[in-house]
$ cat work_31.txt   # compact mmCIF, C-alpha atoms
# COMPACT_ATOMS: atom_id res chain seq x y z
CA ARG Y 1 -16.88 19.72 -6.45
CA PRO Y 2 -14.01 18.98 -8.86
CA PHE Y 3 -11.21 21.51 -9.09
CA ALA Y 4 -8.32 21.81 -11.50
CA GLY Y 5 -4.80 22.30 -10.29
CA SER Y 6 -1.88 23.48 -12.37
CA ARG Y 7 -1.90 23.10 -16.13
CA GLY Y 8 -1.92 19.51 -17.33
CA MET Y 9 -3.35 18.22 -14.04
CA LYS Y 10 -6.60 16.30 -14.14
CA ALA Y 11 -9.67 17.53 -12.28
CA ARG Y 12 -9.74 16.33 -8.67
CA ILE Y 13 -12.59 15.65 -6.31
CA GLU Y 14 -12.01 17.78 -3.24
CA HIS Y 15 -13.78 15.62 -0.65
CA VAL Y 16 -11.80 12.54 -1.74
CA ASP Y 17 -8.56 14.50 -1.37
CA ILE Y 18 -9.69 15.61 2.11
CA ALA Y 19 -10.50 12.00 3.05
CA LYS Y 20 -7.05 10.93 1.80
CA GLY Y 21 -5.47 13.67 3.91
CA ILE Y 22 -7.38 12.53 7.00
CA SER Y 23 -6.39 8.92 6.32
CA ILE Y 24 -2.72 9.80 5.89
CA THR Y 25 -2.83 11.93 9.05
CA LEU Y 26 -4.26 9.00 11.04
CA VAL Y 27 -1.51 6.71 9.76
CA ALA Y 28 1.19 9.30 10.51
CA LEU Y 29 -0.27 9.88 13.99
CA HIS Y 30 0.00 6.15 14.69
CA HIS Y 31 3.70 6.21 13.79
CA SER Y 32 4.54 9.48 15.53
CA ASP Y 33 5.86 10.34 18.98
CA LEU Y 34 2.37 11.69 19.79
CA GLN Y 35 0.82 8.21 19.65
CA PRO Y 36 1.29 7.41 23.37
CA PHE Y 37 -0.57 10.61 24.30
CA VAL Y 38 -3.57 9.76 22.15
CA ALA Y 39 -3.45 5.96 22.54
CA GLU Y 40 -7.05 5.63 23.77
CA ALA Y 41 -8.36 7.59 20.79
CA ALA Y 42 -5.91 6.00 18.33
CA ARG Y 43 -6.60 2.36 19.24
CA PRO Y 44 -10.13 2.22 17.72
CA LEU Y 45 -8.86 4.03 14.63
CA ALA Y 46 -6.59 1.04 13.94
CA LEU Y 47 -9.66 -0.80 12.64
CA PHE Y 48 -10.00 1.43 9.61
CA ARG Y 49 -7.01 3.75 9.09
CA MET Y 50 -5.07 1.45 6.73
CA PRO Y 51 -8.12 -0.09 4.99
CA LEU Y 52 -9.41 3.45 4.41
CA PHE Y 53 -6.03 4.53 3.05
CA PHE Y 54 -5.86 1.52 0.69
CA PHE Y 55 -9.47 2.02 -0.42
CA LEU Y 56 -8.98 5.70 -1.15
CA SER Y 57 -5.71 5.00 -2.95
CA GLY Y 58 -7.51 2.67 -5.34
CA LEU Y 59 -10.68 4.68 -5.75
CA PHE Y 60 -9.81 6.09 -9.15
CA VAL Y 61 -7.87 3.25 -10.72
CA ALA Y 62 -7.24 3.53 -14.45
CA TRP Y 63 -9.04 0.32 -15.42
CA ALA Y 64 -8.69 1.07 -19.14
CA LEU Y 65 -4.88 0.95 -19.10
CA PRO Y 66 -3.24 -2.26 -20.31
CA ALA Y 67 -1.90 -4.33 -17.41
CA GLY Y 68 1.78 -3.72 -18.17
CA ARG Y 69 1.38 0.05 -18.46
CA PHE Y 70 -0.72 0.14 -15.30
CA ALA Y 71 1.94 -1.84 -13.37
CA LEU Y 72 4.72 0.45 -14.65
CA LYS Y 73 2.78 3.56 -13.61
CA ARG Y 74 2.13 2.15 -10.14
CA ALA Y 75 5.74 0.98 -9.80
CA GLU Y 76 6.98 4.46 -10.62
CA ALA Y 77 4.64 6.04 -8.08
CA LEU Y 78 5.06 3.49 -5.27
CA LEU Y 79 8.13 1.30 -5.72
CA LYS Y 80 10.52 4.01 -6.85
CA PRO Y 81 10.36 5.97 -3.56
CA TYR Y 82 10.40 2.70 -1.58
CA LEU Y 83 13.53 1.46 -3.32
CA VAL Y 84 15.32 4.83 -3.34
CA VAL Y 85 14.89 5.28 0.42
CA LEU Y 86 15.65 1.70 1.45
CA LEU Y 87 18.55 1.19 -0.96
CA GLY Y 88 19.93 4.52 0.28
CA LEU Y 89 19.72 3.22 3.85
CA LEU Y 90 21.35 -0.02 2.71
CA ALA Y 91 24.23 2.01 1.22
CA VAL Y 92 24.62 3.92 4.51
CA HIS Y 93 24.67 0.60 6.38
CA ALA Y 94 27.30 -0.72 3.95
CA LEU Y 95 29.47 2.34 4.55
CA ALA Y 96 29.02 1.84 8.30
CA GLY Y 97 30.37 -1.70 7.95
CA ARG Y 98 27.22 -3.67 8.80
CA GLN Y 99 27.60 -7.39 8.33
CA THR Y 100 23.91 -8.06 7.58
CA LEU Y 101 23.70 -6.46 4.13
CA ALA Y 102 22.49 -9.59 2.32
CA ALA Y 103 19.69 -10.09 4.86
CA GLU Y 104 18.76 -6.41 4.64
CA ALA Y 105 18.68 -6.57 0.82
CA TRP Y 106 16.47 -9.68 0.96
CA GLY Y 107 14.26 -7.86 3.48
CA ILE Y 108 13.81 -4.96 1.06
CA LEU Y 109 12.67 -7.38 -1.64
CA TRP Y 110 10.36 -9.18 0.83
CA GLY Y 111 8.87 -5.82 1.83
CA SER Y 112 7.20 -6.44 5.18
CA GLY Y 113 7.48 -4.12 8.16
CA HIS Y 114 9.53 -6.77 9.97
CA THR Y 115 12.18 -6.96 7.26
CA ILE Y 116 12.94 -3.36 6.31
CA ALA Y 117 15.03 -0.70 8.03
CA TRP Y 118 12.28 1.93 7.95
CA THR Y 119 9.15 0.04 9.00
CA PRO Y 120 6.49 2.63 8.00
CA LEU Y 121 7.38 2.12 4.33
CA TRP Y 122 5.92 -1.42 4.35
CA PHE Y 123 2.69 -0.17 2.76
CA LEU Y 124 4.30 0.94 -0.54
CA PRO Y 125 5.05 -2.52 -1.99
CA HIS Y 126 1.78 -3.81 -0.53
CA LEU Y 127 -0.23 -1.01 -2.12
CA PHE Y 128 1.54 -1.76 -5.41
CA LEU Y 129 0.72 -5.48 -5.21
CA VAL Y 130 -2.90 -4.89 -4.18
CA GLY Y 131 -3.38 -2.39 -7.00
CA VAL Y 132 -1.82 -4.62 -9.64
CA ALA Y 133 -3.76 -7.67 -8.39
CA CYS Y 134 -7.07 -5.78 -8.41
CA HIS Y 135 -6.38 -4.37 -11.86
CA GLY Y 136 -5.46 -7.83 -13.11
CA LEU Y 137 -8.55 -9.42 -11.61
CA TYR Y 138 -10.79 -6.77 -13.08
CA ARG Y 139 -9.26 -7.00 -16.54
CA LEU Y 140 -8.84 -10.78 -16.60
CA ALA Y 141 -12.23 -11.71 -15.22
CA ALA Y 142 -14.15 -8.75 -16.68
CA LEU Y 143 -15.68 -8.24 -13.24
CA GLY Y 144 -17.86 -5.45 -14.53
CA ARG Y 145 -19.84 -8.02 -16.51
CA TRP Y 146 -20.15 -10.70 -13.81
CA PRO Y 147 -23.45 -11.04 -11.95
CA GLY Y 148 -23.52 -9.63 -8.41
CA TRP Y 149 -23.54 -13.06 -6.71
CA ALA Y 150 -20.39 -14.12 -8.61
CA ARG Y 151 -18.54 -10.93 -7.67
CA ALA Y 152 -19.61 -11.34 -4.03
CA GLY Y 153 -18.46 -14.97 -4.07
CA LEU Y 154 -15.08 -13.96 -5.46
CA VAL Y 155 -14.68 -11.30 -2.75
CA VAL Y 156 -15.55 -13.83 -0.03
CA ALA Y 157 -13.13 -16.40 -1.51
CA LEU Y 158 -10.35 -13.80 -1.64
CA LEU Y 159 -11.03 -12.71 1.96
CA VAL Y 160 -11.01 -16.30 3.24
CA GLY Y 161 -7.91 -17.20 1.24
CA GLY Y 162 -6.11 -14.01 2.26
CA THR Y 163 -6.96 -14.49 5.92
CA ALA Y 164 -5.70 -18.07 5.81
CA ALA Y 165 -2.46 -17.13 4.04
CA ILE Y 166 -1.54 -13.82 5.70
CA GLY Y 167 0.84 -15.35 8.24
CA ALA Y 168 2.89 -16.93 5.46
CA PHE Y 169 4.00 -13.51 4.22
CA GLU Y 170 4.97 -11.72 7.43
CA TYR Y 171 8.52 -13.07 7.46
CA PRO Y 172 10.65 -14.58 4.70
CA PRO Y 173 10.74 -18.41 4.79
CA GLU Y 174 14.15 -18.61 6.51
CA ARG Y 175 12.98 -16.39 9.40
CA ARG Y 176 9.79 -18.30 10.28
$ encode --input "work_31.txt" --output "structure tokens"
Amino acid sequence: RPFAGSRGMKARIEHVDIAKGISITLVALHHSDLQPFVAEAARPLALFRMPLFFFLSGLFVAWALPAGRFALKRAEALLKPYLVVLLGLLAVHALAGRQTLAAEAWGILWGSGHTIAWTPLWFLPHLFLVGVACHGLYRLAALGRWPGWARAGLVVALLVGGTAAIGAFEYPPERR
């Protein structure tokens, strides 16, 4: 059942918010000090905790927004906290006299868990890119008007292409 929050807030769907909370809790549990104590239960959850989180995050995408406005909205929600935290850490590292500032800055731009100082933040730029790509695909290809077989073929092509290319994005080119 939808419920309204404070004034100016759109109606929300309670069970989706609960599912998001469960998903976020599973992700946080994986990254917490409790993980070793629940490893046997947590291991099978690895199959769906991040896909569920990404799915739920994109469930109510504003398809009607123009691409540029959509990207700006997503950047403000996802990239702003990512950059504030990691650039803040970079500033602390600069004050501490670290010699690897250029590599750390490049790592922030690359945005994988292997290249940033606070690994659990890897999902923010990825969620941004997935959201913008999906919005662009929907708007560009008018997926809502494609026949089912064409949409299924596109999904399969994207899955195959993504699976084949995923290793290319784990590390920046100079670290492979």
$ closest_residue --input "work_31.txt" --among "Y:Val130, Y:Leu83, Y:Leu137, Y:Ile13" --to "Ala117 (chain Y)" --atoms "all atoms listed in the file"
Y:Leu83
$ atom_distance --input "work_31.txt" --atom1 "CA of Arg139 (chain Y)" --atom2 "CA of Phe48 (chain Y)"
27.5 Å
$ closest_residue --input "work_31.txt" --among "Y:Gly58, Y:Pro44, Y:Gly68, Y:Pro125" --to "Tyr82 (chain Y)" --atoms "all atoms listed in the file"
Y:Pro125
$ atom_distance --input "work_31.txt" --atom1 "CA of Thr25 (chain Y)" --atom2 "CA of Phe128 (chain Y)"
20.4 Å
$ atom_distance --input "work_31.txt" --atom1 "CA of Ala105 (chain Y)" --atom2 "CA of Gly88 (chain Y)"
11.2 Å
$ residues_near_point --input "work_31.txt" --point "(-8.8, 11.4, -3.0)" --cutoff "12 Å" --atoms "all atoms listed in the file" --output "PDB file with C-alpha atoms, keeping the file's coordinate frame"
ATOM      1  CA  PRO Y   2     -14.010  18.980  -8.860  1.00  0.00           C
ATOM      2  CA  ALA Y  11      -9.670  17.530 -12.280  1.00  0.00           C
ATOM      3  CA  ARG Y  12      -9.740  16.330  -8.670  1.00  0.00           C
ATOM      4  CA  ILE Y  13     -12.590  15.650  -6.310  1.00  0.00           C
ATOM      5  CA  GLU Y  14     -12.010  17.780  -3.240  1.00  0.00           C
ATOM      6  CA  HIS Y  15     -13.780  15.620  -0.650  1.00  0.00           C
ATOM      7  CA  VAL Y  16     -11.800  12.540  -1.740  1.00  0.00           C
ATOM      8  CA  ASP Y  17      -8.560  14.500  -1.370  1.00  0.00           C
ATOM      9  CA  ILE Y  18      -9.690  15.610   2.110  1.00  0.00           C
ATOM     10  CA  ALA Y  19     -10.500  12.000   3.050  1.00  0.00           C
ATOM     11  CA  LYS Y  20      -7.050  10.930   1.800  1.00  0.00           C
ATOM     12  CA  GLY Y  21      -5.470  13.670   3.910  1.00  0.00           C
ATOM     13  CA  ILE Y  22      -7.380  12.530   7.000  1.00  0.00           C
ATOM     14  CA  SER Y  23      -6.390   8.920   6.320  1.00  0.00           C
ATOM     15  CA  ILE Y  24      -2.720   9.800   5.890  1.00  0.00           C
ATOM     16  CA  LEU Y  52      -9.410   3.450   4.410  1.00  0.00           C
ATOM     17  CA  PHE Y  53      -6.030   4.530   3.050  1.00  0.00           C
ATOM     18  CA  PHE Y  54      -5.860   1.520   0.690  1.00  0.00           C
ATOM     19  CA  PHE Y  55      -9.470   2.020  -0.420  1.00  0.00           C
ATOM     20  CA  LEU Y  56      -8.980   5.700  -1.150  1.00  0.00           C
ATOM     21  CA  SER Y  57      -5.710   5.000  -2.950  1.00  0.00           C
ATOM     22  CA  GLY Y  58      -7.510   2.670  -5.340  1.00  0.00           C
ATOM     23  CA  LEU Y  59     -10.680   4.680  -5.750  1.00  0.00           C
ATOM     24  CA  PHE Y  60      -9.810   6.090  -9.150  1.00  0.00           C
ATOM     25  CA  VAL Y  61      -7.870   3.250 -10.720  1.00  0.00           C
TER      26      VAL Y  61
END
